[in-house]
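Here is the file start09.csv (CSV, C-alpha atoms).
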chain,number,residue,atom,x,y,z
A,1,MET,CA,0.0,0.0,0.0
A,2,SER,CA,1.3,3.4,-1.0
A,3,PHE,CA,0.6,6.4,1.3
A,4,ILE,CA,0.1,9.8,-0.4
A,5,LEU,CA,-0.4,13.0,1.6
A,6,PHE,CA,-1.9,16.1,0.0
A,7,VAL,CA,-1.6,19.5,1.9
A,8,ASP,CA,-3.6,22.5,0.9
A,9,ASP,CA,-5.6,25.2,2.8
A,10,ASP,CA,-8.3,25.3,0.1
A,11,LYS,CA,-11.0,22.7,1.0
A,12,ASN,CA,-12.4,22.7,-2.5
A,13,ILE,CA,-9.1,21.7,-4.0
A,14,LEU,CA,-8.7,18.8,-1.5
A,15,ASP,CA,-12.3,17.7,-2.1
A,16,GLY,CA,-11.7,17.7,-5.8
A,17,LEU,CA,-8.5,15.7,-5.4
A,18,ARG,CA,-10.2,13.2,-3.1
A,19,ARG,CA,-13.0,12.5,-5.7
A,20,ARG,CA,-10.7,12.2,-8.7
A,21,LEU,CA,-8.0,10.1,-7.1
A,22,ARG,CA,-10.4,7.7,-5.3
A,23,SER,CA,-11.6,6.5,-8.7
A,24,ALA,CA,-8.3,6.8,-10.6
A,25,ARG,CA,-6.0,5.1,-8.0
A,26,PRO,CA,-8.1,3.0,-5.6
A,27,ASP,CA,-4.9,1.1,-4.6
A,28,TRP,CA,-3.4,4.2,-3.0
A,29,GLU,CA,-4.2,5.3,0.5
A,30,VAL,CA,-4.6,9.0,0.0
A,31,ARG,CA,-4.8,11.4,3.0
A,32,PHE,CA,-5.5,15.1,3.1
A,33,ALA,CA,-4.5,18.0,5.4
A,34,ASN,CA,-5.5,21.6,5.3
A,35,ASP,CA,-2.5,23.0,7.1
A,36,ALA,CA,1.1,22.1,7.9
A,37,GLU,CA,0.5,21.2,11.5
A,38,SER,CA,-2.1,18.6,10.6
A,39,ALA,CA,0.2,17.3,7.8
A,40,LEU,CA,3.1,16.8,10.1
A,41,ALA,CA,0.9,14.9,12.6
A,42,GLN,CA,-0.4,12.6,9.8
A,43,ALA,CA,3.2,12.1,8.5
A,44,GLU,CA,4.2,10.9,12.0
A,45,GLU,CA,1.4,8.4,11.9
A,46,THR,CA,1.6,7.1,8.3
A,47,GLU,CA,5.2,7.7,7.1
A,48,PRO,CA,4.0,8.8,3.7
A,49,ASP,CA,5.7,7.8,0.5
A,50,VAL,CA,4.9,11.1,-1.2
A,51,VAL,CA,3.9,14.5,0.1
A,52,ILE,CA,2.3,17.0,-2.3
A,53,SER,CA,1.9,20.5,-0.7
A,54,ASP,CA,0.6,23.9,-1.7
A,55,MET,CA,3.1,26.7,-1.4
A,56,CYS,CA,1.1,29.6,0.0
A,57,MET,CA,-0.6,28.6,3.3
A,58,PRO,CA,-1.2,30.5,6.6
A,59,GLY,CA,1.3,29.8,9.3
A,60,MET,CA,4.0,27.4,8.0
A,61,ASP,CA,4.1,27.6,4.2
A,62,GLY,CA,4.9,24.7,1.8
A,63,ALA,CA,8.7,25.3,1.7
A,64,ALA,CA,8.9,25.3,5.5
A,65,LEU,CA,6.7,22.2,5.6
A,66,LEU,CA,8.8,20.2,3.1
A,67,THR,CA,11.9,21.3,4.9
A,68,THR,CA,10.6,19.7,8.1
A,69,ILE,CA,9.5,16.6,6.1
A,70,GLN,CA,13.0,16.4,4.6
A,71,GLN,CA,14.5,16.4,8.1
A,72,LYS,CA,12.0,14.0,9.8
A,73,HIS,CA,11.1,11.7,6.9
A,74,PRO,CA,14.0,11.9,4.4
A,75,HIS,CA,12.7,8.8,2.4
A,76,THR,CA,9.5,10.7,1.4
A,77,ALA,CA,9.3,12.2,-2.1
A,78,ARG,CA,8.4,15.9,-1.7
A,79,ILE,CA,6.5,17.8,-4.4
A,80,ILE,CA,5.2,21.4,-4.4
A,81,LEU,CA,1.8,21.8,-6.2
A,82,SER,CA,1.1,25.5,-6.4
A,83,GLY,CA,-0.1,28.5,-8.4
A,84,PHE,CA,2.0,30.9,-6.3
A,85,ALA,CA,4.5,32.6,-8.5
A,86,GLU,CA,6.6,35.0,-6.5
A,87,GLU,CA,10.2,34.3,-7.5
A,88,GLU,CA,11.8,34.5,-4.0
A,89,ALA,CA,9.2,32.2,-2.5
A,90,ILE,CA,9.5,29.7,-5.3
A,91,LEU,CA,13.3,29.6,-5.1
A,92,ARG,CA,12.9,28.6,-1.5
A,93,THR,CA,11.3,25.4,-2.5
A,94,ILE,CA,14.2,24.2,-4.8
A,95,GLY,CA,16.1,22.7,-1.9
A,96,PRO,CA,13.3,20.9,0.2
A,97,ALA,CA,11.1,20.1,-2.8
A,98,HIS,CA,12.2,17.4,-5.3
A,99,GLN,CA,9.8,18.7,-7.9
A,100,TYR,CA,7.5,21.7,-8.5
A,101,LEU,CA,4.1,21.3,-10.3
A,102,ALA,CA,2.1,24.3,-11.3
A,103,LYS,CA,-1.7,24.7,-10.7
A,104,PRO,CA,-3.8,24.0,-12.4
A,105,CYS,CA,-2.2,20.6,-12.9
A,106,ASP,CA,-3.5,18.0,-15.3
A,107,ASP,CA,-4.6,14.8,-13.5
A,108,VAL,CA,-2.6,12.7,-15.8
A,109,LEU,CA,0.6,14.6,-15.1
A,110,LEU,CA,-0.1,14.6,-11.3
A,111,ILE,CA,-0.7,10.8,-11.2
A,112,GLU,CA,2.3,10.1,-13.5
A,113,THR,CA,4.6,12.2,-11.3
A,114,ILE,CA,3.4,10.3,-8.1
A,115,GLU,CA,3.7,6.9,-9.9
A,116,ASN,CA,7.3,7.7,-11.0
A,117,ALA,CA,8.2,8.6,-7.5
A,118,LEU,CA,6.7,5.3,-6.2
A,119,ASP,CA,8.4,3.3,-8.9
A,120,LEU,CA,11.8,4.6,-7.9
A,121,ARG,CA,11.6,2.4,-4.8
A,122,ASP,CA,12.3,-0.6,-6.9
A,123,LEU,CA,15.4,1.1,-8.3
A,124,LEU,CA,17.0,1.7,-4.9
A,125,THR,CA,15.8,-0.9,-2.4
A,126,ASN,CA,18.2,-0.2,0.5
A,127,PRO,CA,16.1,1.9,2.9
A,128,ASP,CA,19.1,3.6,4.5
A,129,LEU,CA,20.4,4.8,1.1
A,130,ARG,CA,16.9,5.9,0.1
A,131,ALA,CA,16.8,8.0,3.2
A,132,LEU,CA,20.3,9.4,2.5
A,133,VAL,CA,19.5,10.3,-1.1
A,134,GLY,CA,15.9,11.5,-0.4
A,135,GLY,CA,17.3,13.9,2.3
A,136,ILE,CA,19.6,15.7,-0.1
A,137,GLY,CA,18.5,19.2,-0.8
A,138,ALA,CA,21.4,20.2,-3.1
A,139,LEU,CA,24.6,18.5,-4.3
A,140,ALA,CA,28.0,19.9,-3.3
A,141,SER,CA,30.4,21.4,-5.7
A,142,PRO,CA,34.2,21.4,-5.2
A,143,PRO,CA,35.4,24.8,-3.9
A,144,THR,CA,37.2,25.9,-7.1
A,145,THR,CA,34.1,25.5,-9.4
A,146,TYR,CA,31.9,27.3,-6.9
A,147,ALA,CA,34.4,30.1,-6.7
A,148,ASN,CA,34.6,30.3,-10.5
A,149,LEU,CA,30.8,30.6,-10.7
A,150,VAL,CA,30.6,33.3,-8.0
A,151,LYS,CA,33.4,35.3,-9.7
A,152,ALA,CA,31.7,35.0,-13.1
A,153,LEU,CA,28.3,36.1,-11.8
A,154,GLU,CA,29.9,39.2,-10.3
A,155,ASN,CA,30.8,40.3,-13.8
A,156,PRO,CA,27.9,42.3,-15.3
A,157,LEU,CA,29.1,41.4,-18.8
A,158,VAL,CA,29.3,37.6,-18.2
A,159,ASN,CA,27.9,35.6,-21.1
A,160,THR,CA,26.1,32.3,-21.5
A,161,GLU,CA,29.2,30.6,-23.0
A,162,GLU,CA,31.3,31.4,-20.0
A,163,LEU,CA,28.7,30.2,-17.5
A,164,THR,CA,28.1,27.0,-19.6
A,165,SER,CA,31.8,26.2,-19.5
A,166,ILE,CA,31.8,26.5,-15.7
A,167,ILE,CA,28.6,24.6,-15.1
A,168,THR,CA,29.4,21.7,-17.5
A,169,SER,CA,32.7,21.1,-15.7
A,170,ASP,CA,30.9,20.2,-12.5
A,171,ILE,CA,28.5,17.3,-11.8
A,172,ALA,CA,26.5,19.1,-9.1
A,173,LEU,CA,26.1,22.3,-11.1
A,174,THR,CA,24.9,20.4,-14.2
A,175,ALA,CA,22.3,18.5,-12.2
A,176,GLU,CA,21.1,21.5,-10.2
A,177,ILE,CA,20.6,23.9,-13.2
A,178,LEU,CA,18.8,21.2,-15.2
A,179,LYS,CA,16.6,20.3,-12.2
A,180,LEU,CA,15.6,24.0,-11.9
A,181,THR,CA,15.0,24.6,-15.5
A,182,ASN,CA,12.7,21.6,-15.8
A,183,SER,CA,10.6,22.8,-12.9
A,184,ALA,CA,7.0,23.7,-13.8
A,185,TYR,CA,7.8,27.2,-12.4
A,186,PHE,CA,9.2,28.1,-15.8
A,187,ALA,CA,6.2,26.6,-17.7
A,188,ILE,CA,8.4,24.8,-20.2
A,189,ARG,CA,6.6,22.3,-22.3
A,190,GLN,CA,9.6,20.3,-23.4
A,191,LYS,CA,12.3,18.8,-21.2
A,192,ILE,CA,15.6,20.8,-21.2
A,193,THR,CA,18.7,18.6,-21.5
A,194,SER,CA,21.3,21.2,-22.6
A,195,VAL,CA,23.0,23.3,-20.0
A,196,SER,CA,23.4,26.3,-22.4
A,197,GLN,CA,19.7,26.1,-23.2
A,198,ALA,CA,18.9,25.9,-19.5
A,199,ILE,CA,20.9,29.0,-18.7
A,200,ARG,CA,19.2,31.0,-21.5
A,201,MET,CA,15.8,29.8,-20.2
A,202,VAL,CA,16.5,30.5,-16.5
A,203,GLY,CA,18.3,33.8,-17.1
A,204,ILE,CA,21.4,35.2,-15.5
A,205,ASP,CA,19.5,37.0,-12.8
A,206,THR,CA,17.8,33.8,-11.6
A,207,LEU,CA,21.0,31.9,-11.8
A,208,LYS,CA,22.7,34.6,-9.7
A,209,ALA,CA,19.8,34.3,-7.1
A,210,LEU,CA,20.4,30.6,-6.9
A,211,ALA,CA,24.1,30.8,-6.5
A,212,LEU,CA,24.4,33.8,-4.3
A,213,PHE,CA,21.1,34.4,-2.5
A,214,VAL,CA,19.6,30.9,-2.1
A,215,GLY,CA,23.0,29.3,-1.7
A,216,LEU,CA,21.9,26.3,-3.7
A,217,PHE,CA,25.3,25.9,-5.3
A,218,HIS,CA,27.4,25.5,-2.1
A,219,SER,CA,30.9,24.3,-2.1
A,220,PHE,CA,32.1,20.9,-0.7
A,221,ASP,CA,33.3,21.2,2.9
A,222,GLY,CA,35.2,17.9,3.1
A,223,THR,CA,38.9,17.3,3.1
A,224,LYS,CA,41.3,18.5,0.5
A,225,ALA,CA,41.9,15.0,-0.7
A,226,ASP,CA,38.2,14.3,-1.1
A,227,ALA,CA,37.8,17.6,-3.0
A,228,THR,CA,40.6,16.6,-5.3
A,229,ARG,CA,38.8,13.3,-6.0
A,230,MET,CA,35.6,15.1,-6.7
A,231,MET,CA,37.4,17.4,-9.2
A,232,GLN,CA,39.0,14.4,-10.9
A,233,LEU,CA,35.5,12.8,-11.1
A,234,CYS,CA,34.0,15.9,-12.7
A,235,GLN,CA,36.8,16.1,-15.3
A,236,ARG,CA,36.5,12.4,-16.2
A,237,SER,CA,32.7,12.7,-16.4
A,238,GLN,CA,33.0,15.6,-18.7
A,239,GLN,CA,35.5,13.8,-20.8
A,240,LEU,CA,33.2,10.8,-20.9
A,241,GLY,CA,30.4,13.0,-22.2
A,242,VAL,CA,32.6,14.4,-24.9
A,243,VAL,CA,33.6,10.9,-26.1
A,244,ALA,CA,30.0,9.7,-26.0
A,245,THR,CA,28.8,12.8,-28.0
A,246,LEU,CA,31.4,12.2,-30.7
A,247,ILE,CA,30.5,8.5,-30.9
A,248,ALA,CA,26.8,9.4,-31.2
A,249,GLU,CA,27.6,11.8,-34.0
A,250,GLN,CA,29.7,9.2,-35.8
A,251,GLU,CA,26.8,6.8,-35.6
A,252,LYS,CA,24.4,9.4,-36.8
A,253,LEU,CA,22.1,9.0,-33.8
A,254,PRO,CA,19.1,11.5,-33.7
A,255,LYS,CA,20.0,15.1,-33.0
A,256,GLU,CA,18.1,15.0,-29.7
A,257,VAL,CA,20.2,12.1,-28.5
A,258,ILE,CA,23.5,13.8,-29.5
A,259,ASN,CA,22.4,17.0,-27.7
A,260,VAL,CA,21.8,15.2,-24.4
A,261,MET,CA,25.1,13.2,-24.4
A,262,PRO,CA,27.3,15.8,-22.6
A,263,ALA,CA,24.8,16.1,-19.8
A,264,ILE,CA,24.4,12.4,-19.5
A,265,GLY,CA,28.2,12.1,-19.3
A,266,MET,CA,28.2,14.3,-16.2
A,267,LEU,CA,25.0,13.0,-14.7
A,268,SER,CA,26.2,9.3,-15.0
A,269,HIS,CA,28.3,9.9,-11.9
A,270,THR,CA,25.8,11.7,-9.7
A,271,GLY,CA,25.7,8.7,-7.5
A,272,SER,CA,29.5,8.7,-7.2
A,273,LEU,CA,29.4,12.4,-6.1
A,274,ILE,CA,26.8,11.5,-3.4
A,275,LEU,CA,29.0,8.7,-2.1
A,276,TYR,CA,32.1,10.8,-2.1
A,277,ALA,CA,30.3,13.6,-0.3
A,278,TYR,CA,28.3,11.6,2.3
A,279,ARG,CA,30.2,8.3,2.6
A,280,ALA,CA,33.8,9.5,2.1
A,281,LYS,CA,35.6,7.0,4.5
A,282,GLU,CA,33.8,4.0,3.0
A,283,MET,CA,34.4,5.2,-0.5
A,284,ALA,CA,38.1,5.4,0.3
A,285,GLU,CA,38.0,1.7,1.2
A,286,VAL,CA,36.1,1.0,-2.0
A,287,ILE,CA,38.8,2.7,-4.1
A,288,LYS,CA,41.6,0.8,-2.3
A,289,ARG,CA,39.8,-2.5,-3.0
A,290,VAL,CA,39.3,-1.6,-6.7
A,291,GLU,CA,43.0,-0.8,-7.1
A,292,ARG,CA,44.1,-3.9,-5.1
A,293,GLU,CA,41.8,-6.4,-6.8
A,294,HIS,CA,41.3,-4.7,-10.2
A,295,ILE,CA,37.5,-5.1,-10.1
A,296,PRO,CA,34.9,-2.7,-11.5
A,297,ILE,CA,34.0,0.0,-9.0
A,298,TYR,CA,30.3,-0.7,-9.1
A,299,ILE,CA,30.9,-4.2,-7.8
A,300,ALA,CA,32.9,-2.9,-4.9
A,301,GLU,CA,30.3,-0.3,-4.2
A,302,ARG,CA,27.5,-2.8,-4.1
A,303,ASP,CA,29.5,-5.0,-1.7
A,304,GLN,CA,30.1,-2.0,0.5
A,305,PHE,CA,26.8,-0.1,0.4
A,306,GLY,CA,24.3,-2.6,-0.9
A,307,ALA,CA,23.9,-0.4,-4.1
A,308,ALA,CA,26.2,1.3,-6.6
A,309,HIS,CA,26.6,4.7,-8.1
A,310,PRO,CA,24.4,4.0,-11.1
A,311,GLU,CA,21.2,3.3,-9.2
A,312,ILE,CA,22.0,5.8,-6.4
A,313,GLY,CA,22.4,8.6,-8.9
A,314,ALA,CA,19.4,7.5,-11.0
A,315,TYR,CA,17.2,7.5,-7.9
A,316,LEU,CA,18.0,11.1,-7.1
A,317,LEU,CA,17.6,12.2,-10.7
A,318,GLY,CA,14.2,10.4,-10.8
A,319,LEU,CA,13.1,12.2,-7.6
A,320,TRP,CA,14.1,15.5,-9.2
A,321,GLY,CA,11.9,14.8,-12.2
A,322,PHE,CA,14.5,14.2,-14.8
A,323,PRO,CA,13.3,12.6,-18.1
A,324,SER,CA,12.8,8.8,-17.7
A,325,ALA,CA,15.3,8.2,-20.6
A,326,ILE,CA,18.1,10.0,-18.7
A,327,VAL,CA,17.2,8.2,-15.5
A,328,GLN,CA,17.3,4.8,-17.2
A,329,THR,CA,20.6,5.6,-19.0
A,330,VAL,CA,22.2,6.6,-15.7
A,331,ALA,CA,20.8,3.5,-14.0
A,332,TYR,CA,22.1,1.1,-16.6
A,333,HIS,CA,25.2,2.7,-18.0
A,334,HIS,CA,27.3,-0.2,-16.7
A,335,HIS,CA,24.8,-2.9,-17.9
A,336,PRO,CA,22.9,-1.8,-21.0
A,337,GLN,CA,22.2,-5.4,-21.7
A,338,ASP,CA,19.6,-5.4,-18.9
A,339,THR,CA,17.3,-3.0,-20.9
A,340,PRO,CA,15.3,-4.1,-24.0
A,341,HIS,CA,16.7,-2.4,-27.2
A,342,SER,CA,17.9,-3.7,-30.5
A,343,GLN,CA,19.5,-0.6,-31.9
A,344,MET,CA,22.3,1.6,-30.7
A,345,ASN,CA,21.1,4.4,-28.5
A,346,ALA,CA,22.3,6.9,-25.8
A,347,LEU,CA,22.9,4.1,-23.4
A,348,THR,CA,25.1,2.3,-25.8
A,349,ALA,CA,27.1,5.4,-26.5
A,350,ILE,CA,27.7,6.2,-22.8
A,351,TYR,CA,28.5,2.5,-22.0
A,352,VAL,CA,31.1,2.3,-24.8
A,353,ALA,CA,32.6,5.7,-24.0
A,354,GLN,CA,33.2,5.0,-20.3
A,355,HIS,CA,35.1,1.8,-21.2
A,356,LEU,CA,37.1,3.4,-23.9
A,357,ALA,CA,38.0,6.5,-21.8
A,358,ARG,CA,39.2,4.2,-19.0
A,359,GLU,CA,41.2,2.0,-21.4
A,360,VAL,CA,43.0,4.9,-23.1
A,361,ALA,CA,43.8,6.5,-19.8
A,362,ILE,CA,45.4,3.2,-18.6
A,363,GLU,CA,47.2,2.9,-21.9
A,364,HIS,CA,48.7,6.4,-21.6
A,365,ARG,CA,49.7,5.8,-18.0
A,366,THR,CA,51.3,2.4,-18.4
A,367,GLY,CA,52.2,2.3,-22.1
A,368,THR,CA,50.2,-0.9,-22.5
A,369,ALA,CA,46.7,-1.3,-23.7
A,370,PRO,CA,44.6,-3.2,-21.1
A,371,GLU,CA,42.3,-6.0,-22.0
A,372,SER,CA,38.9,-4.5,-23.0
A,373,GLN,CA,35.9,-5.2,-20.7
A,374,ILE,CA,33.4,-4.2,-23.4
A,375,ASP,CA,30.7,-6.8,-24.0
A,376,LEU,CA,31.3,-7.8,-27.6
A,377,GLU,CA,28.2,-10.0,-27.7
A,378,TYR,CA,26.1,-7.0,-26.8
A,379,LEU,CA,27.7,-4.9,-29.6
A,380,GLU,CA,27.3,-7.8,-32.0
A,381,GLN,CA,23.5,-7.9,-31.3
A,382,LEU,CA,23.4,-4.2,-32.3
A,383,GLY,CA,25.6,-4.8,-35.4
A,384,LYS,CA,28.3,-2.4,-34.1
A,385,THR,CA,31.3,-4.6,-33.3
A,386,GLU,CA,33.3,-3.4,-36.3
A,387,ARG,CA,32.9,0.2,-35.2
A,388,LEU,CA,35.1,-0.3,-32.0
A,389,PRO,CA,38.4,0.7,-33.7
A,390,VAL,CA,36.9,4.0,-34.9
A,391,TRP,CA,35.5,4.7,-31.4
A,392,LEU,CA,38.8,3.8,-29.8
A,393,GLU,CA,40.7,6.4,-31.9
A,394,THR,CA,38.1,9.0,-30.9
A,395,ALA,CA,38.6,8.2,-27.3
A,396,ARG,CA,42.4,8.5,-27.8
A,397,LEU,CA,42.0,11.9,-29.5
A,398,VAL,CA,39.8,13.2,-26.6
A,399,GLU,CA,42.3,11.9,-24.1
A,400,GLU,CA,45.2,13.8,-25.8
A,401,LYS,CA,43.2,17.0,-26.0
A,402,TYR,CA,42.4,16.9,-22.2
A,403,ARG,CA,46.0,16.2,-21.4
A,404,GLU,CA,47.1,19.2,-23.5
A,405,MET,CA,44.6,21.4,-21.5
A,406,ASP,CA,46.1,20.2,-18.2
A,407,GLN,CA,49.6,21.2,-19.2

Just give me the structure as structure tokens.
Amino acid sequence: MSFILFVDDDKNILDGLRRRLRSARPDWEVRFANDAESALAQAEETEPDVVISDMCMPGMDGAALLTTIQQKHPHTARIILSGFAEEEAILRTIGPAHQYLAKPCDDVLLIETIENALDLRDLLTNPDLRALVGGIGALASPPTTYANLVKALENPLVNTEELTSIITSDIALTAEILKLTNSAYFAIRQKITSVSQAIRMVGIDTLKALALFVGLFHSFDGTKADATRMMQLCQRSQQLGVVATLIAEQEKLPKEVINVMPAIGMLSHTGSLILYAYRAKEMAEVIKRVEREHIPIYIAERDQFGAAHPEIGAYLLGLWGFPSAIVQTVAYHHHPQDTPHSQMNALTAIYVAQHLAREVAIEHRTGTAPESQIDLEYLEQLGKTERLPVWLETARLVEEKYREMDQ
């Protein structure tokens, strides 16, 4: 049984939701509260799976309510459903709310949003990890990227290209800006998957409010060694996105797939960022085991945490309302064989790119090409085995360019 809690001070709205949802989803236990105090009392009693709250209510508003829910019930999916459009108040919901839906909200969209949140429980079954990820209000950025963003935003002549360069170099910033842009607050009909497009849509003033006033993009406060690992992770993720984009172009995949590949490269390691930020000591042990036993990192992560970075990152992105295609690609980027498809797609490109990027890095460091771990049977099913040499040369070229930039 799934427990859904709606909170709104307008009795007519609650009555309408009660009538419509009772017939549409009889398998849900749906409860209603007309103020935050009543909602918190019911949450203590039922431990809801999803809370959907209005923003503007007397006393404690929706942002404050979801902040308390976040602290007391971190596993609960938190959604704002509101017609309130004052920018400062809306920006306050970005941290405590996983998603923002605008009134009037179509019943199909509302039910689909709730169902997606409920389905995510099957993706990440470990309750402790669900509570950890569900309680995250914003991801942390390494200090250098945060400082670069603040400095850039202080320049009145800063342009979209400069901001895009900073944001796309950082996993947290990429995830946060795409999350914000796809909020219903901006009334965007299509899903935005390009950072430059997101910046243009949000506007520099709103981005500045997020970075400086709301403090959503806050810097990582861990050790210098952990911050260095996060920087390396961001750089490798960006490189992975570049390789995947070039492979997608070479294989003439649809333009919408090619455009999303840079973001997917960064977002594929959202789960790694979470583990580095919140389970640093355990991740240090994971890395030692990977280096000692030469096993894939996701295997060591699952042994250590009960889940690995693909499903952990996908769970957070799903809560944040990212398109299901991106969530699935992040979740299965180490095992594309587990999803039904017979043609090359974004998942194939990111899967191949991550292996090739790793192989050329080892080759450059040791002077010897390692044995490839790419599943050739999978590529053969897609009719792409003979393309591997071309893709490998692409990965080598990207590796050389990145090393030139580091010099």

Review point. Looking at only C-alpha atoms, which of A:Gln99, A:Ser38, A:Thr67, A:Ser194 is the one that sits closest to A:Ala117?
Key: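 That would be A:Gln99, the residue with the smallest distance to A:Ala117.
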
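Taking atom CA of A:Ile374 as the reference point, atom CA of A:Leu347 is found at 13.4 Å.
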
Point to revise | Close residues, A:Ile79 itself excluded, 7 Å, all atoms listed in the file, min 3 positions apart in chain, as a list in words | key: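 Residues meeting the cut-off are Val51, Ile52, Ser53, Ala97, His98, Gln99 and Tyr100 of chain A.
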
Review point. A:Leu273, A:Met283, A:Leu17, A:Val257: which is nearest A:Gln232, counting all atoms listed in the file?
Key: A:Leu273

Can you write out as a tab-separated table which residues of stretch 53-85 of chain A fall within 12 Å of stretch 30-33 of chain A, alongside each residue's closest atom pair and its distance in Å to one decimal, counting all atoms listed in the file and ordering rows by chain and ascending residue number?
residue	atom	partner	partner_atom	distance
A:Ser53	CA	A:Ala33	CA	9.2
A:Asp54	CA	A:Ala33	CA	10.5
A:Met57	CA	A:Ala33	CA	11.5
A:Leu65	CA	A:Ala33	CA	12.0

Check your understanding: Can you tell me, as a list in words, which residues sit within 12 Å of (14.8, -9.5, -34.0) in the file's frame, using only C-alpha atoms?
Key ->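 Those residues lying close to the given coordinates are Pro340, His341, Ser342, Gln343, Gln381, Leu382 and Gly383 of chain A.
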
Review point. To one decimal place, how far is atom CA of A:Tyr315 from atom CA of A:Ala102 in Å?
Key: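 Going from atom CA of A:Tyr315 over to atom CA of A:Ala102 covers 22.8 Å.
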
Revision key, fill the gap. In Å and to one decimal, atom CA of A:Ala314 is distant from atom CA of A:Leu376 by 25.5 Å

**Study point:** Spatial neighbours of A:Asn159, 12 Å, all atoms listed in the file, chain gap at least 2 places, as a PyMOL selection string
**Key:** chain A and resi 149+152-157+161-166+196+199-200+203-205

Practice item. For stretch 300-308 of chain A, please output as a PyMOL selection string all residues within 10 Å (counting all atoms listed in the file; exclusion window: fewer than 2 positions along the same chain). Key: chain A and resi 123-126+128-129+271-272+275+279+282-283+285-290+293+295-298+310-313+331

Check your understanding: Any idea what's packed within 9 Å of A:His75, counting only C-alpha atoms, ignoring anything in its chain fewer than 2 positions away? Could you give it as an MDAnalysis selection string?
Key -> chainID A and resid 47:50 70 73 77 127:135

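Of the residues under consideration (A:Met344, A:Leu118, A:Ile4, A:Val327), A:Met344 shows the shortest atom-to-atom contact distance to A:Glu251 when counting all atoms listed in the file.
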
Point to revise | stretch 386-389 of chain A surroundings by all atoms listed in the file, 10 Å radius, close-in-sequence under 2 positions cut, as a PyMOL selection string | key: chain A and resi 247+250-251+352+356+374+376+379-380+383-384+391-395

Practice item. Identify which of the residues A:Lys281, A:His355, A:His294, A:His269 lies closest to A:Thr329, counting all atoms listed in the file when measuring atom-to-atom distances. Key: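 Of all the options, A:His269 lies closest to A:Thr329.
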
Exercise for review: Give the answer as one residue: which of A:Ser2, A:Ser82, A:Thr174, A:Ser372 has the shortest atom-to-atom distance to A:Gln238, using all atoms listed in the file?
Suggested key: A:Thr174

Protein, DNA and RNA residues within 12 Å of (41.3, 5.0, -21.8), only C-alpha atoms, as a tab-separated table (two decimals) with C-alpha atoms, keeping the file's coordinate frame:
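New file selection13.tsv:
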chain	number	residue	atom	x	y	z
A	236	ARG	CA	36.50	12.40	-16.20
A	239	GLN	CA	35.50	13.80	-20.80
A	240	LEU	CA	33.20	10.80	-20.90
A	243	VAL	CA	33.60	10.90	-26.10
A	352	VAL	CA	31.10	2.30	-24.80
A	353	ALA	CA	32.60	5.70	-24.00
A	354	GLN	CA	33.20	5.00	-20.30
A	355	HIS	CA	35.10	1.80	-21.20
A	356	LEU	CA	37.10	3.40	-23.90
A	357	ALA	CA	38.00	6.50	-21.80
A	358	ARG	CA	39.20	4.20	-19.00
A	359	GLU	CA	41.20	2.00	-21.40
A	360	VAL	CA	43.00	4.90	-23.10
A	361	ALA	CA	43.80	6.50	-19.80
A	362	ILE	CA	45.40	3.20	-18.60
A	363	GLU	CA	47.20	2.90	-21.90
A	364	HIS	CA	48.70	6.40	-21.60
A	365	ARG	CA	49.70	5.80	-18.00
A	366	THR	CA	51.30	2.40	-18.40
A	367	GLY	CA	52.20	2.30	-22.10
A	368	THR	CA	50.20	-0.90	-22.50
A	369	ALA	CA	46.70	-1.30	-23.70
A	370	PRO	CA	44.60	-3.20	-21.10
A	371	GLU	CA	42.30	-6.00	-22.00
A	372	SER	CA	38.90	-4.50	-23.00
A	373	GLN	CA	35.90	-5.20	-20.70
A	391	TRP	CA	35.50	4.70	-31.40
A	392	LEU	CA	38.80	3.80	-29.80
A	393	GLU	CA	40.70	6.40	-31.90
A	394	THR	CA	38.10	9.00	-30.90
A	395	ALA	CA	38.60	8.20	-27.30
A	396	ARG	CA	42.40	8.50	-27.80
A	397	LEU	CA	42.00	11.90	-29.50
A	398	VAL	CA	39.80	13.20	-26.60
A	399	GLU	CA	42.30	11.90	-24.10
A	400	GLU	CA	45.20	13.80	-25.80
A	402	TYR	CA	42.40	16.90	-22.20

Review point. Which is closer to A:Ala175 than all the others in A:Ala138, A:Leu110, A:Ala349, A:Ala227, using all atoms listed in the file?
Key: A:Ala138

For stretch 105-110 of chain A, which lacks atoms in the input, supply N, CA and C atoms and format the output as a PDB file, in the coordinates of the input.
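This went into out-v7.pdb:
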ATOM      1  N   CYS A 105      -2.989  21.688 -12.400  1.00  0.00           N
ATOM      2  CA  CYS A 105      -2.200  20.600 -12.900  1.00  0.00           C
ATOM      3  C   CYS A 105      -3.078  19.483 -13.436  1.00  0.00           C
ATOM      4  N   ASP A 106      -2.782  19.064 -14.638  1.00  0.00           N
ATOM      5  CA  ASP A 106      -3.500  18.000 -15.300  1.00  0.00           C
ATOM      6  C   ASP A 106      -3.452  16.713 -14.426  1.00  0.00           C
ATOM      7  N   ASP A 107      -4.588  16.018 -14.281  1.00  0.00           N
ATOM      8  CA  ASP A 107      -4.600  14.800 -13.500  1.00  0.00           C
ATOM      9  C   ASP A 107      -3.623  13.759 -13.961  1.00  0.00           C
ATOM     10  N   VAL A 108      -3.491  13.647 -15.273  1.00  0.00           N
ATOM     11  CA  VAL A 108      -2.600  12.700 -15.800  1.00  0.00           C
ATOM     12  C   VAL A 108      -1.139  12.946 -15.411  1.00  0.00           C
ATOM     13  N   LEU A 109      -0.739  14.220 -15.496  1.00  0.00           N
ATOM     14  CA  LEU A 109       0.600  14.600 -15.100  1.00  0.00           C
ATOM     15  C   LEU A 109       0.820  14.380 -13.602  1.00  0.00           C
ATOM     16  N   LEU A 110      -0.163  14.750 -12.794  1.00  0.00           N
ATOM     17  CA  LEU A 110      -0.100  14.600 -11.300  1.00  0.00           C
ATOM     18  C   LEU A 110       0.103  13.115 -10.976  1.00  0.00           C
TER      19      LEU A 110
END
